[in-house]
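What follows is one structure encoded as structure tokens, with my remarks underneath.
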Amino acid sequence: MLITSSDTRSDDHSVLLSSDGRDKRPTPLPKLQMSVLMLAMLLEPITSQWYYVGMIESLFFATQAMTILQWSRVSDRIGRKPVLLLGIFGLSLSMLCFGLSRTFTSLVLSRCISGALNGNAGVMKSMLGELTDSTNMAQGFALMPIAWSLGMSLGPVIGGTLSRPQDHFPLLFDSPFWAKFPYFLPCGVIAAFAVLTFVVILLFLKEVSDPTDHTLPSAVVPGKPASIVGRDHEVGYGSVDIQHGSSVATSDAPVPLRELLNVSRVLIIANYGMLSVLEIVLYALQPLFYSTPIEYGGLGFEPMTIGAWMAVFGVSNGLIQAFCFAPLVDRIGPKKLLRIGYMCFFPIFGLFPVISWVSTRWGINWLIWVLLTCQLILTVIMDMAFSCILMYITAAAPNRRSLGALNGLAQTTASVTRAIGPAWATSLFAYSIQHNVMGGYGVYVAIILLAFAALPLSAKLPDDVADS
């Protein structure tokens with residue numbers, strides 16, 4: 001049982017302190033379990049990046065929004081591993097269907113299958129929270145962007161290289177099958193990778209806790225979520241009042257959604273939703289801005305140039321997050337880092353019209369690449385805000401068996417915003433240019449105003465995730 005005192009409240013960092021007052025060393029991360037989980041995280045961006053089409057991807061997020069909360073709640077009851085396996089099976093099936101599709105309807109259905117069966121986004125974050133504790137949470141969540149960035153870089157390479165193999169490798173792929181299904185090879189390769197991931201998870205991934213065990217941990221134990229070990233709890237959930245010796249025999253059961261959605265958790269989820277919509281709008285506008293001709297407010301880049309630049313971003317993002325995120329959290333705290341990430345949206349979107357103006361005056365020159373590099377660095381810093389807010393979500397869970405539901409609620413919010421955001425942003429981009437709204441730059445002004453509206457949300461978060 002969890003031990004608390006009714007008359008003594010320790011400071012926010014008490015759990016991180018040893019008896020002599022010195023900071024505890026971070027608990028080593030479980031290498032094998034983290035590696036298997038990163039492999040599963042790598043798969044999802046690979047399956048989505050190389051065939052990103054606005055309407056198809058929006059439908060994926062729409063179907064995911066309808067089911068991800070249910071899958072996350074199921075994982076609280078039967079365990080994370082079965083839900084992960086089912087989600088990866090859905091990804092594999094979706095990729096095979098996509099590769100064999102010959103009509104737009106079948107393309108849409110294949111992606112919707114993936115969205116409906118795939119609750120992995122919330123479940124993987126829940127499991128990552130279970131594999132870390134309050135001493136190594138920042139290190140653990142810093143690994144997520146590495147997997148996502150690598151997947152975002154590999155996806156376009158796989159799709160661009162292996163699509164239409166009968167044209168690129170005529171000696172190896174001369175069968176009429178490849179002309180009939182020109183995208184089956186990249187889809188088949190990704191599906192095979194999904195099967196490999198399925199087998200690795202089946203053999204090596206272990207449940208962090210037994211979903212049938214309803215008892216709470218008895219003390220601060222490495223590997224427990226920070227919500228359980230990172231702060232003093234009010235008497236409840238099976239805790240013991242030391243002073244009065246009373247106990248409350250409440251099991252570690254999933255908390256009903258109505259009780260889960262208190263003010264502090266809704267605030268955290270709202271921050272996650274705002275970050276998600278601003279990020280998806282950025283990632284929808286970037287390739288559109290890069291490919292639009294200079295005379296229409298873009299840069300007129302070739303697809304190969306766009307792919308190479310996005311790959312540079314993916315590699316840079318992964319490396320910087322891996323080496324800088326945890327030290328920055330330790331030095332300035334998660335709230336300050338999250339707010340810095342929020343504020344990066346202003347110069348990121350503000351640079352789009354500046355870059356466009358420079359390209360209109362002098363064409364693509366060294367100054368364009370300097371400005372694009374500044375924008376890339378700001379985007380990497382912005383991305384750190386996601387790891388920060390995920391730490392808040394993990395710490396806000398009232399107990400282990402409500403962590404999946406809380407992540408599911410957050411991911412549902414993100415999926416809704418990601419279903420709407422790209423269509424809204426690209427439509428506003430076209431409208432601004434067509435009707436010369438603010439010189440064609442009206443879309444960026446609108447998004448900057450949206451980012452301003454998000455700032456007060458981040459200001460209301462507690463300084464320490466343990467106070468979530």
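Convention: chains lettered A, B, ... in structure tokens order; per-chain residue numbering from 1; ligands numbered from 1 as shown.
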Contact residues around region 183-196 of chain A with only C-alpha atoms at 9 Å, ignoring same-chain residues under 5 positions, as a PyMOL selection string: chain A and resi 40+43+46-47+88-89+91-101+155+158-165+178+201
Per-residue DSSP, region 99-320 of chain A, filtered to helix (DSSP H, G or I), as a ChimeraX atom specification: /A:99,104-117,120-131,137-141,143-162,165-168,176-180,184-204,226-229,257-260,263-291,294-296,303-320
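Distances from A:Gln33, A:Ser316, A:Thr27, A:Ser72 to Leu409 (chain A) were compared using only C-alpha atoms, and the smallest one belongs to A:Ser72.
Ranking A:Ala405, A:Val263, A:Met310, A:Ala423 by their shortest atom-to-atom distance to Thr67 (chain A), with only C-alpha atoms included, puts A:Ala405 first.
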Point-to-point distance from CA of Leu42 (chain A) to CA of Met304 (chain A), Å rounded to tenths: 22.7 Å
